[in-house]
$ cat target_20.cif   # mmCIF, C-alpha atoms
data_final
#
loop_
_atom_site.label_atom_id
_atom_site.label_comp_id
_atom_site.auth_asym_id
_atom_site.auth_seq_id
_atom_site.Cartn_x
_atom_site.Cartn_y
_atom_site.Cartn_z
CA MET A 1 0.00 0.00 0.00
CA THR A 2 2.86 2.33 0.88
CA THR A 3 4.54 1.58 -2.47
CA VAL A 4 1.36 2.42 -4.38
CA THR A 5 0.96 5.68 -2.44
CA ALA A 6 4.57 6.70 -3.12
CA ALA A 7 4.20 5.95 -6.82
CA THR A 8 0.98 7.98 -6.93
CA GLN A 9 2.64 10.93 -5.20
CA ALA A 10 5.63 10.77 -7.56
CA ARG A 11 3.32 10.71 -10.56
CA ALA A 12 1.37 13.67 -9.20
CA GLU A 13 4.57 15.67 -8.63
CA ARG A 14 5.74 14.85 -12.14
CA ASP A 15 2.41 15.96 -13.60
CA ARG A 16 2.74 19.31 -11.81
CA LEU A 17 5.95 20.09 -13.72
CA PRO A 18 5.63 22.32 -16.81
CA GLY A 19 5.17 20.43 -20.06
CA PHE A 20 8.47 21.70 -21.49
CA VAL A 21 10.42 20.44 -18.47
CA ARG A 22 8.85 16.98 -18.73
CA ARG A 23 9.76 16.79 -22.43
CA LEU A 24 13.24 18.27 -21.98
CA PRO A 25 15.11 14.90 -22.16
CA LEU A 26 13.29 14.03 -25.37
CA HIS A 27 14.09 17.44 -26.86
CA LEU A 28 17.76 17.10 -25.93
CA PHE A 29 17.95 13.66 -27.51
CA ILE A 30 16.32 14.91 -30.73
CA LEU A 31 18.70 17.88 -30.77
CA PHE A 32 21.64 15.48 -30.40
CA LEU A 33 20.41 13.40 -33.36
CA ILE A 34 19.99 16.55 -35.46
CA VAL A 35 23.54 17.67 -34.71
CA VAL A 36 24.98 14.24 -35.53
CA TRP A 37 22.99 14.14 -38.76
CA LEU A 38 24.11 17.64 -39.80
CA VAL A 39 27.84 17.27 -39.02
CA PRO A 40 28.78 15.85 -42.49
CA THR A 41 26.74 18.54 -44.27
CA ILE A 42 28.26 21.29 -42.14
CA GLY A 43 31.74 19.93 -42.85
CA LEU A 44 31.02 19.89 -46.59
CA LEU A 45 29.68 23.46 -46.43
CA VAL A 46 32.75 24.72 -44.59
CA ASN A 47 35.10 22.95 -47.01
CA SER A 48 33.31 24.56 -49.94
CA PHE A 49 34.64 27.93 -48.71
CA ARG A 50 38.23 26.77 -48.11
CA PRO A 51 41.16 26.84 -50.56
CA PRO A 52 42.66 23.54 -51.80
CA GLU A 53 45.85 23.81 -49.74
CA ALA A 54 43.83 24.18 -46.53
CA LEU A 55 41.72 21.13 -47.36
CA THR A 56 44.78 18.90 -47.59
CA GLN A 57 46.49 20.22 -44.47
CA SER A 58 43.78 20.38 -41.80
CA GLY A 59 40.25 19.33 -40.92
CA TRP A 60 37.21 21.45 -41.68
CA TRP A 61 36.70 22.40 -38.01
CA THR A 62 40.00 24.31 -37.95
CA ALA A 63 38.50 26.92 -40.27
CA PHE A 64 36.58 28.40 -37.33
CA PHE A 65 39.86 29.20 -35.58
CA SER A 66 41.45 30.67 -38.70
CA PRO A 67 38.91 32.89 -40.49
CA SER A 68 41.43 33.76 -43.18
CA GLN A 69 40.84 30.29 -44.68
CA PHE A 70 37.42 31.26 -46.02
CA THR A 71 37.20 32.23 -49.69
CA LEU A 72 34.61 32.40 -52.47
CA ASP A 73 37.03 31.25 -55.17
CA ASN A 74 35.50 27.77 -55.37
CA TYR A 75 31.99 29.14 -55.99
CA ALA A 76 33.31 31.70 -58.47
CA HIS A 77 35.07 28.95 -60.42
CA VAL A 78 31.98 26.73 -60.47
CA LEU A 79 29.59 29.48 -61.53
CA ALA A 80 32.02 30.68 -64.20
CA GLN A 81 31.83 27.38 -66.06
CA SER A 82 29.60 27.72 -69.11
CA ASN A 83 28.42 24.11 -68.93
CA ILE A 84 27.10 24.70 -65.40
CA SER A 85 24.48 27.22 -66.53
CA GLU A 86 23.58 25.05 -69.54
CA GLY A 87 23.38 21.97 -67.31
CA PHE A 88 21.11 23.85 -64.89
CA VAL A 89 18.66 24.67 -67.68
CA ASN A 90 18.86 21.12 -69.03
CA SER A 91 18.19 19.69 -65.57
CA LEU A 92 15.05 21.79 -65.27
CA PHE A 93 13.98 20.77 -68.76
CA ILE A 94 14.49 17.12 -67.82
CA SER A 95 13.20 17.08 -64.24
CA ILE A 96 9.90 18.93 -64.67
CA PRO A 97 8.42 16.74 -67.46
CA ALA A 98 9.97 13.61 -65.92
CA THR A 99 8.08 14.45 -62.73
CA VAL A 100 4.75 15.50 -64.24
CA ILE A 101 4.40 12.65 -66.77
CA PRO A 102 4.72 9.69 -64.35
CA ILE A 103 2.48 11.37 -61.80
CA MET A 104 -0.24 11.89 -64.43
CA VAL A 105 -0.02 8.31 -65.68
CA ALA A 106 0.17 6.91 -62.14
CA ALA A 107 -2.88 8.90 -61.01
CA PHE A 108 -5.04 7.36 -63.75
CA ALA A 109 -3.69 3.87 -63.03
CA ALA A 110 -4.07 4.26 -59.26
CA TYR A 111 -7.71 5.31 -59.61
CA ALA A 112 -8.41 2.32 -61.82
CA PHE A 113 -6.76 -0.07 -59.37
CA ALA A 114 -8.56 1.45 -56.38
CA TRP A 115 -12.11 2.07 -57.64
CA MET A 116 -12.72 0.29 -60.94
CA GLU A 117 -13.55 -3.39 -61.31
CA PHE A 118 -11.91 -5.31 -64.15
CA PRO A 119 -10.56 -8.86 -64.56
CA GLY A 120 -7.08 -9.46 -63.15
CA ARG A 121 -6.96 -6.16 -61.30
CA ASN A 122 -5.12 -7.50 -58.25
CA LEU A 123 -2.69 -9.61 -60.28
CA LEU A 124 -1.85 -6.66 -62.50
CA PHE A 125 -1.29 -4.44 -59.47
CA ILE A 126 1.04 -7.04 -57.94
CA ALA A 127 2.96 -7.18 -61.23
CA VAL A 128 3.34 -3.38 -61.27
CA VAL A 129 4.54 -3.29 -57.68
CA GLY A 130 6.90 -6.18 -58.42
CA LEU A 131 8.72 -3.95 -60.89
CA LEU A 132 10.10 -2.07 -57.88
CA VAL A 133 12.69 -4.83 -57.38
CA VAL A 134 13.95 -4.77 -60.98
CA PRO A 135 17.44 -3.16 -61.03
CA LEU A 136 17.79 -0.16 -63.32
CA GLN A 137 21.08 -1.48 -64.67
CA SER A 138 19.40 -4.53 -66.15
CA THR A 139 17.23 -2.34 -68.40
CA PHE A 140 19.89 -0.15 -69.98
CA ILE A 141 20.92 -2.39 -72.90
CA PRO A 142 17.40 -3.38 -74.05
CA ILE A 143 16.10 0.19 -73.78
CA LEU A 144 19.13 1.59 -75.59
CA GLN A 145 18.50 -0.88 -78.39
CA LEU A 146 14.88 0.26 -78.47
CA TYR A 147 15.88 3.94 -78.52
CA GLY A 148 18.76 3.46 -80.99
CA PRO A 149 18.88 3.82 -84.79
CA ASN A 150 17.33 0.37 -85.25
CA GLY A 151 14.43 1.31 -82.99
CA PHE A 152 12.70 4.64 -82.41
CA GLY A 153 15.87 6.66 -83.01
CA ILE A 154 15.37 8.96 -80.03
CA ALA A 155 18.59 8.16 -78.13
CA GLY A 156 20.26 11.34 -76.93
CA SER A 157 17.06 13.38 -76.95
CA PHE A 158 15.12 14.71 -73.99
CA LEU A 159 12.21 12.45 -74.95
CA ALA A 160 14.39 9.40 -74.31
CA VAL A 161 15.23 10.38 -70.76
CA TRP A 162 11.64 11.50 -70.07
CA LEU A 163 10.31 8.09 -71.06
CA ALA A 164 13.06 6.32 -69.14
CA HIS A 165 12.36 8.20 -65.90
CA THR A 166 8.63 7.69 -66.41
CA GLY A 167 9.12 3.94 -66.60
CA TYR A 168 11.45 3.87 -63.62
CA GLY A 169 9.18 6.00 -61.46
CA LEU A 170 5.80 4.48 -62.30
CA PRO A 171 5.88 1.39 -60.02
CA PHE A 172 6.43 3.39 -56.84
CA ALA A 173 4.07 6.15 -58.00
CA VAL A 174 1.24 3.69 -58.70
CA PHE A 175 1.83 1.92 -55.39
CA LEU A 176 1.74 5.14 -53.35
CA LEU A 177 -1.24 6.74 -55.09
CA ARG A 178 -3.30 3.55 -55.25
CA ASN A 179 -3.01 3.02 -51.49
CA PHE A 180 -3.91 6.64 -50.82
CA MET A 181 -6.89 6.63 -53.20
CA GLY A 182 -8.08 3.30 -51.83
CA ASP A 183 -8.40 4.89 -48.40
CA LEU A 184 -10.69 7.68 -49.61
CA PRO A 185 -14.31 7.56 -48.36
CA ARG A 186 -16.36 5.16 -50.46
CA GLU A 187 -19.55 7.08 -49.67
CA VAL A 188 -18.30 10.07 -51.66
CA PHE A 189 -17.87 8.02 -54.84
CA GLU A 190 -21.16 6.18 -54.31
CA SER A 191 -23.00 9.50 -53.95
CA ALA A 192 -21.33 10.80 -57.11
CA ALA A 193 -22.37 7.66 -59.01
CA ILE A 194 -25.96 8.04 -57.81
CA ASP A 195 -25.94 11.64 -59.06
CA GLY A 196 -24.89 10.38 -62.48
CA ALA A 197 -21.16 11.18 -62.37
CA SER A 198 -19.04 9.09 -64.71
CA PRO A 199 -15.74 7.52 -63.57
CA VAL A 200 -13.88 10.28 -65.42
CA THR A 201 -15.84 12.98 -63.61
CA ALA A 202 -15.34 11.26 -60.24
CA PHE A 203 -11.61 11.06 -60.94
CA PHE A 204 -11.13 14.73 -61.84
CA ARG A 205 -13.69 16.22 -59.42
CA LEU A 206 -13.23 13.94 -56.38
CA ALA A 207 -10.25 11.59 -56.40
CA LEU A 208 -7.66 13.97 -57.79
CA PRO A 209 -8.34 16.94 -55.44
CA MET A 210 -8.44 14.65 -52.39
CA THR A 211 -5.13 13.02 -53.40
CA VAL A 212 -3.16 16.28 -53.50
CA PRO A 213 -1.07 15.40 -50.37
CA ALA A 214 0.07 12.10 -51.87
CA ILE A 215 0.75 13.72 -55.23
CA ALA A 216 2.86 16.41 -53.56
CA ALA A 217 4.86 13.81 -51.63
CA LEU A 218 5.36 11.81 -54.81
CA ALA A 219 6.43 14.95 -56.68
CA ILE A 220 9.15 15.53 -54.08
CA PHE A 221 10.48 11.98 -54.42
CA GLN A 222 10.38 11.94 -58.21
CA PHE A 223 11.85 15.41 -58.67
CA LEU A 224 14.73 14.70 -56.27
CA PHE A 225 15.46 11.39 -57.97
CA VAL A 226 15.53 12.92 -61.46
CA TRP A 227 17.39 16.08 -60.45
CA ASN A 228 20.14 14.15 -58.64
CA ASP A 229 20.36 11.40 -61.23
CA LEU A 230 23.67 10.86 -62.99
CA LEU A 231 23.56 7.28 -64.24
CA VAL A 232 20.34 7.41 -66.28
CA ALA A 233 21.22 10.79 -67.80
CA LEU A 234 24.73 9.59 -68.63
CA ILE A 235 23.40 6.47 -70.36
CA TYR A 236 20.58 8.04 -72.38
CA LEU A 237 21.94 11.56 -72.92
CA GLY A 238 25.60 12.07 -72.09
CA ALA A 239 27.11 9.58 -74.51
CA GLN A 240 24.87 10.42 -77.49
CA ASN A 241 24.28 14.17 -77.06
CA PRO A 242 26.51 16.08 -74.58
CA ASP A 243 24.66 19.32 -75.37
CA ASN A 244 21.61 17.96 -73.51
CA ALA A 245 23.63 16.86 -70.47
CA PRO A 246 22.07 17.84 -67.11
CA LEU A 247 23.74 19.53 -64.17
CA THR A 248 24.94 16.29 -62.59
CA ILE A 249 27.06 15.47 -65.64
CA ALA A 250 28.42 19.04 -65.74
CA VAL A 251 29.41 18.77 -62.08
CA SER A 252 31.12 15.43 -62.61
CA ASN A 253 33.11 16.97 -65.47
CA LEU A 254 34.63 19.49 -63.04
CA VAL A 255 37.00 16.72 -61.97
CA SER A 256 39.58 15.63 -64.52
CA SER A 257 40.36 12.02 -65.32
CA LEU A 258 43.37 12.23 -62.96
CA GLY A 259 41.35 13.65 -60.07
CA GLY A 260 42.23 17.30 -60.53
CA GLY A 261 39.67 19.89 -59.49
CA TRP A 262 38.11 17.76 -56.76
CA GLN A 263 38.05 20.77 -54.42
CA TYR A 264 35.26 22.31 -56.52
CA LEU A 265 32.85 19.45 -55.90
CA ALA A 266 31.78 20.74 -52.46
CA ALA A 267 30.83 24.15 -53.87
CA ALA A 268 29.10 22.54 -56.83
CA ALA A 269 27.10 20.29 -54.48
CA PHE A 270 25.58 23.28 -52.72
CA VAL A 271 24.87 25.01 -56.03
CA THR A 272 22.91 21.98 -57.22
CA MET A 273 21.14 21.73 -53.85
CA ALA A 274 19.26 25.02 -54.22
CA VAL A 275 16.39 23.87 -56.46
CA PRO A 276 15.61 20.56 -54.67
CA LEU A 277 15.65 22.38 -51.33
CA ALA A 278 13.18 24.96 -52.65
CA VAL A 279 10.89 22.19 -53.96
CA PHE A 280 10.95 20.37 -50.63
CA LEU A 281 10.28 23.50 -48.59
CA GLY A 282 7.42 24.43 -50.90
CA LEU A 283 5.71 21.04 -50.60
CA GLN A 284 6.75 19.93 -47.12
CA ARG A 285 3.35 20.54 -45.54
CA TYR A 286 1.94 17.79 -47.77
CA PHE A 287 4.86 15.43 -47.30
CA VAL A 288 3.92 13.65 -44.06
CA ARG A 289 0.21 13.42 -44.94
CA GLY A 290 1.04 11.90 -48.32
CA ILE A 291 3.46 9.32 -46.96
CA VAL A 292 1.23 8.28 -44.04
CA GLY A 293 -1.82 8.09 -46.25
CA GLY A 294 0.01 6.07 -48.88
CA SER A 295 1.11 3.53 -46.28
CA VAL A 296 -2.47 2.64 -45.36
CA LYS A 297 -3.97 -0.29 -47.19
CA GLY A 298 -7.03 0.74 -49.18
#
$ encode --input "target_20.cif" --output "structure tokens"
Amino acid sequence: MTTVTAATQARAERDRLPGFVRRLPLHLFILFLIVVWLVPTIGLLVNSFRPPEALTQSGWWTAFFSPSQFTLDNYAHVLAQSNISEGFVNSLFISIPATVIPIMVAAFAAYAFAWMEFPGRNLLFIAVVGLLVVPLQSTFIPILQLYGPNGFGIAGSFLAVWLAHTGYGLPFAVFLLRNFMGDLPREVFESAAIDGASPVTAFFRLALPMTVPAIAALAIFQFLFVWNDLLVALIYLGAQNPDNAPLTIAVSNLVSSLGGGWQYLAAAAFVTMAVPLAVFLGLQRYFVRGIVGGSVKG
């Protein structure tokens, strides 16, 4: 009885503490994780402002004790490269359509899988999701043969990389949007059907507006994947048409075949980070809702 009374008193005293004080250990632990997570990024940022001789002689943390190490020469060199500005424009021209096209196709497919009855619907959905485990590298040779002179003849064009990224992004896009749409209220669609709405009308007037959080989360994933992609762009664009090369290829070309110019990579990394960071900050309020909703089985 005494033990129960003591525990009750201790709980009552703890409840009387301000909420911030009770959550202080949790906040400190989260702050510690944030600092640990940011240390590599902070080190890269500091090194982007240091000259090459300082990078080879001391660690990045020594720059705080010797302010004279900081310089803008690395950024000036990166921004002065003509292929950087061209690569930036090419990356935008690649990333925007390669984000919009798979989302549009996946939205139609997801609605069909979630709300339309047709033979083999579940088997087809399993087959689409199964494509998530197919390695990208195993598709390069067959698709290049399809895009080459003996096929469609579009190798080296923006259309080739748009179609490639659409194919690579569709399985995850269909999976995420189908699960989100499947969790939408059935009563809404039944009421629309009673009022005479066709499946097309229900899709554009009901399903699509209510799926905006998932679409925004998917747009973040797809845009970041395409913007940061080097391998797919190098395979379908870089070898056939260097003029269409995106920013990732331009950044990789800053380093010579013998490793010279490596000190410019840190500055170039933060230059390329600007657009994805703006996209994430602009859509972040939808991000958690879209991911949580897409994880629920419809």
$ closest_residue --input "target_20.cif" --among "A:Val232, A:Ile84, A:Leu206, A:Leu283" --to "A:Gly156" --atoms "only C-alpha atoms"
A:Val232
$ closest_atom_pairs --input "target_20.cif" --of "stretch 35-62 of chain A" --to "stretch 265-270 of chain A" --cutoff "10 Å" --atoms "only C-alpha atoms" --output "JSON lines"
{"residue": "A:Thr41", "atom": "CA", "partner": "A:Phe270", "partner_atom": "CA", "distance": 9.8}
{"residue": "A:Gly43", "atom": "CA", "partner": "A:Ala266", "partner_atom": "CA", "distance": 9.6}
{"residue": "A:Leu44", "atom": "CA", "partner": "A:Ala266", "partner_atom": "CA", "distance": 6.0}
{"residue": "A:Leu45", "atom": "CA", "partner": "A:Ala266", "partner_atom": "CA", "distance": 6.9}
{"residue": "A:Val46", "atom": "CA", "partner": "A:Ala266", "partner_atom": "CA", "distance": 8.9}
{"residue": "A:Asn47", "atom": "CA", "partner": "A:Ala266", "partner_atom": "CA", "distance": 6.8}
{"residue": "A:Ser48", "atom": "CA", "partner": "A:Ala267", "partner_atom": "CA", "distance": 4.7}
{"residue": "A:Phe49", "atom": "CA", "partner": "A:Ala267", "partner_atom": "CA", "distance": 7.4}
{"residue": "A:Arg50", "atom": "CA", "partner": "A:Ala267", "partner_atom": "CA", "distance": 9.7}
$ closest_residue --input "target_20.cif" --among "A:Gly87, A:Pro149, A:Phe203, A:Pro51" --to "A:Asn74" --atoms "only C-alpha atoms"
A:Pro51
$ residues_around --input "target_20.cif" --residues "stretch 198-201 of chain A" --least-positions-apart "5" --cutoff "12 Å" --atoms "all atoms listed in the file" --output "number ranges by chain"
A: 107-108, 111-112, 114-117, 189-193, 206-209
$ atom_distance --input "target_20.cif" --atom1 "atom CA of A:Asn90" --atom2 "atom CA of A:Asn244"
6.1 Å
$ resolve_selection --input "target_20.cif" --expression "the PyMOL selection byres ((chain A and resi 230) around 9)" --output "list in words"
Val226, Trp227, Asn228, Asp229, Leu231, Val232, Ala233, Leu234, Ile235, Pro246, Leu247, Thr248, Ile249 and Ser252 of chain A
$ write_last_selection --input "target_20.cif" --atoms "C-alpha atoms" --output "short mmCIF file (atom, residue, chain, number, x, y, z; two decimals), in the coordinates of the input"
data_model
loop_
_atom_site.label_atom_id
_atom_site.label_comp_id
_atom_site.auth_asym_id
_atom_site.auth_seq_id
_atom_site.Cartn_x
_atom_site.Cartn_y
_atom_site.Cartn_z
CA VAL A 226 15.53 12.92 -61.46
CA TRP A 227 17.39 16.08 -60.45
CA ASN A 228 20.14 14.15 -58.64
CA ASP A 229 20.36 11.40 -61.23
CA LEU A 231 23.56 7.28 -64.24
CA VAL A 232 20.34 7.41 -66.28
CA ALA A 233 21.22 10.79 -67.80
CA LEU A 234 24.73 9.59 -68.63
CA ILE A 235 23.40 6.47 -70.36
CA PRO A 246 22.07 17.84 -67.11
CA LEU A 247 23.74 19.53 -64.17
CA THR A 248 24.94 16.29 -62.59
CA ILE A 249 27.06 15.47 -65.64
CA SER A 252 31.12 15.43 -62.61
#
$ closest_residue --input "target_20.cif" --among "A:Gly169, A:Gly130, A:Gly151, A:Gly120" --to "A:Ile103" --atoms "all atoms listed in the file"
A:Gly169
$ resolve_selection --input "target_20.cif" --expression "the PyMOL selection byres ((chain A and resi 94) around 10)" --output "list of chain:residue names"
A:Phe88, A:Val89, A:Asn90, A:Ser91, A:Leu92, A:Phe93, A:Ser95, A:Ile96, A:Pro97, A:Ala98, A:Thr99, A:Phe158, A:Leu159, A:Val161, A:Trp162, A:His165, A:Phe223, A:Val226, A:Trp227, A:Ala233, A:Asn244, A:Ala245, A:Pro246
$ write_last_selection --input "target_20.cif" --atoms "C-alpha atoms" --output "compact mmCIF listing (two decimals), in the frame of the given file"
# COMPACT_ATOMS: atom_id res chain seq x y z
CA PHE A 88 21.11 23.85 -64.89
CA VAL A 89 18.66 24.67 -67.68
CA ASN A 90 18.86 21.12 -69.03
CA SER A 91 18.19 19.69 -65.57
CA LEU A 92 15.05 21.79 -65.27
CA PHE A 93 13.98 20.77 -68.76
CA SER A 95 13.20 17.08 -64.24
CA ILE A 96 9.90 18.93 -64.67
CA PRO A 97 8.42 16.74 -67.46
CA ALA A 98 9.97 13.61 -65.92
CA THR A 99 8.08 14.45 -62.73
CA PHE A 158 15.12 14.71 -73.99
CA LEU A 159 12.21 12.45 -74.95
CA VAL A 161 15.23 10.38 -70.76
CA TRP A 162 11.64 11.50 -70.07
CA HIS A 165 12.36 8.20 -65.90
CA PHE A 223 11.85 15.41 -58.67
CA VAL A 226 15.53 12.92 -61.46
CA TRP A 227 17.39 16.08 -60.45
CA ALA A 233 21.22 10.79 -67.80
CA ASN A 244 21.61 17.96 -73.51
CA ALA A 245 23.63 16.86 -70.47
CA PRO A 246 22.07 17.84 -67.11
$ closest_residue --input "target_20.cif" --among "A:Ile30, A:Ile154, A:Ala109, A:Ala80" --to "A:Arg178" --atoms "all atoms listed in the file"
A:Ala109
$ atom_distance --input "target_20.cif" --atom1 "atom CA of A:Arg121" --atom2 "atom CA of A:Met210"
22.7 Å
$ atom_distance --input "target_20.cif" --atom1 "atom CA of A:Phe172" --atom2 "atom CA of A:Leu132"
6.7 Å
$ resolve_selection --input "target_20.cif" --expression "the PyMOL selection byres ((chain A and resi 279) around 10)" --output "compact mmCIF listing (two decimals) with C-alpha atoms, keeping the file's coordinate frame"
# COMPACT_ATOMS: atom_id res chain seq x y z
CA ALA A 216 2.86 16.41 -53.56
CA ALA A 219 6.43 14.95 -56.68
CA ILE A 220 9.15 15.53 -54.08
CA PHE A 223 11.85 15.41 -58.67
CA LEU A 224 14.73 14.70 -56.27
CA ALA A 274 19.26 25.02 -54.22
CA VAL A 275 16.39 23.87 -56.46
CA PRO A 276 15.61 20.56 -54.67
CA LEU A 277 15.65 22.38 -51.33
CA ALA A 278 13.18 24.96 -52.65
CA PHE A 280 10.95 20.37 -50.63
CA LEU A 281 10.28 23.50 -48.59
CA GLY A 282 7.42 24.43 -50.90
CA LEU A 283 5.71 21.04 -50.60
CA GLN A 284 6.75 19.93 -47.12
$ axis_aligned_box --input "target_20.cif" --around "stretch 89-102 of chain A" --padding-each-side "6 Å" --output "JSON"
{"center_x": 11.6, "center_y": 17.2, "center_z": -65.9, "size_x": 26.5, "size_y": 27.0, "size_z": 18.3}
$ closest_residue --input "target_20.cif" --among "A:Leu124, A:Ala110, A:Leu146, A:Tyr75" --to "A:Thr211" --atoms "all atoms listed in the file"
A:Ala110
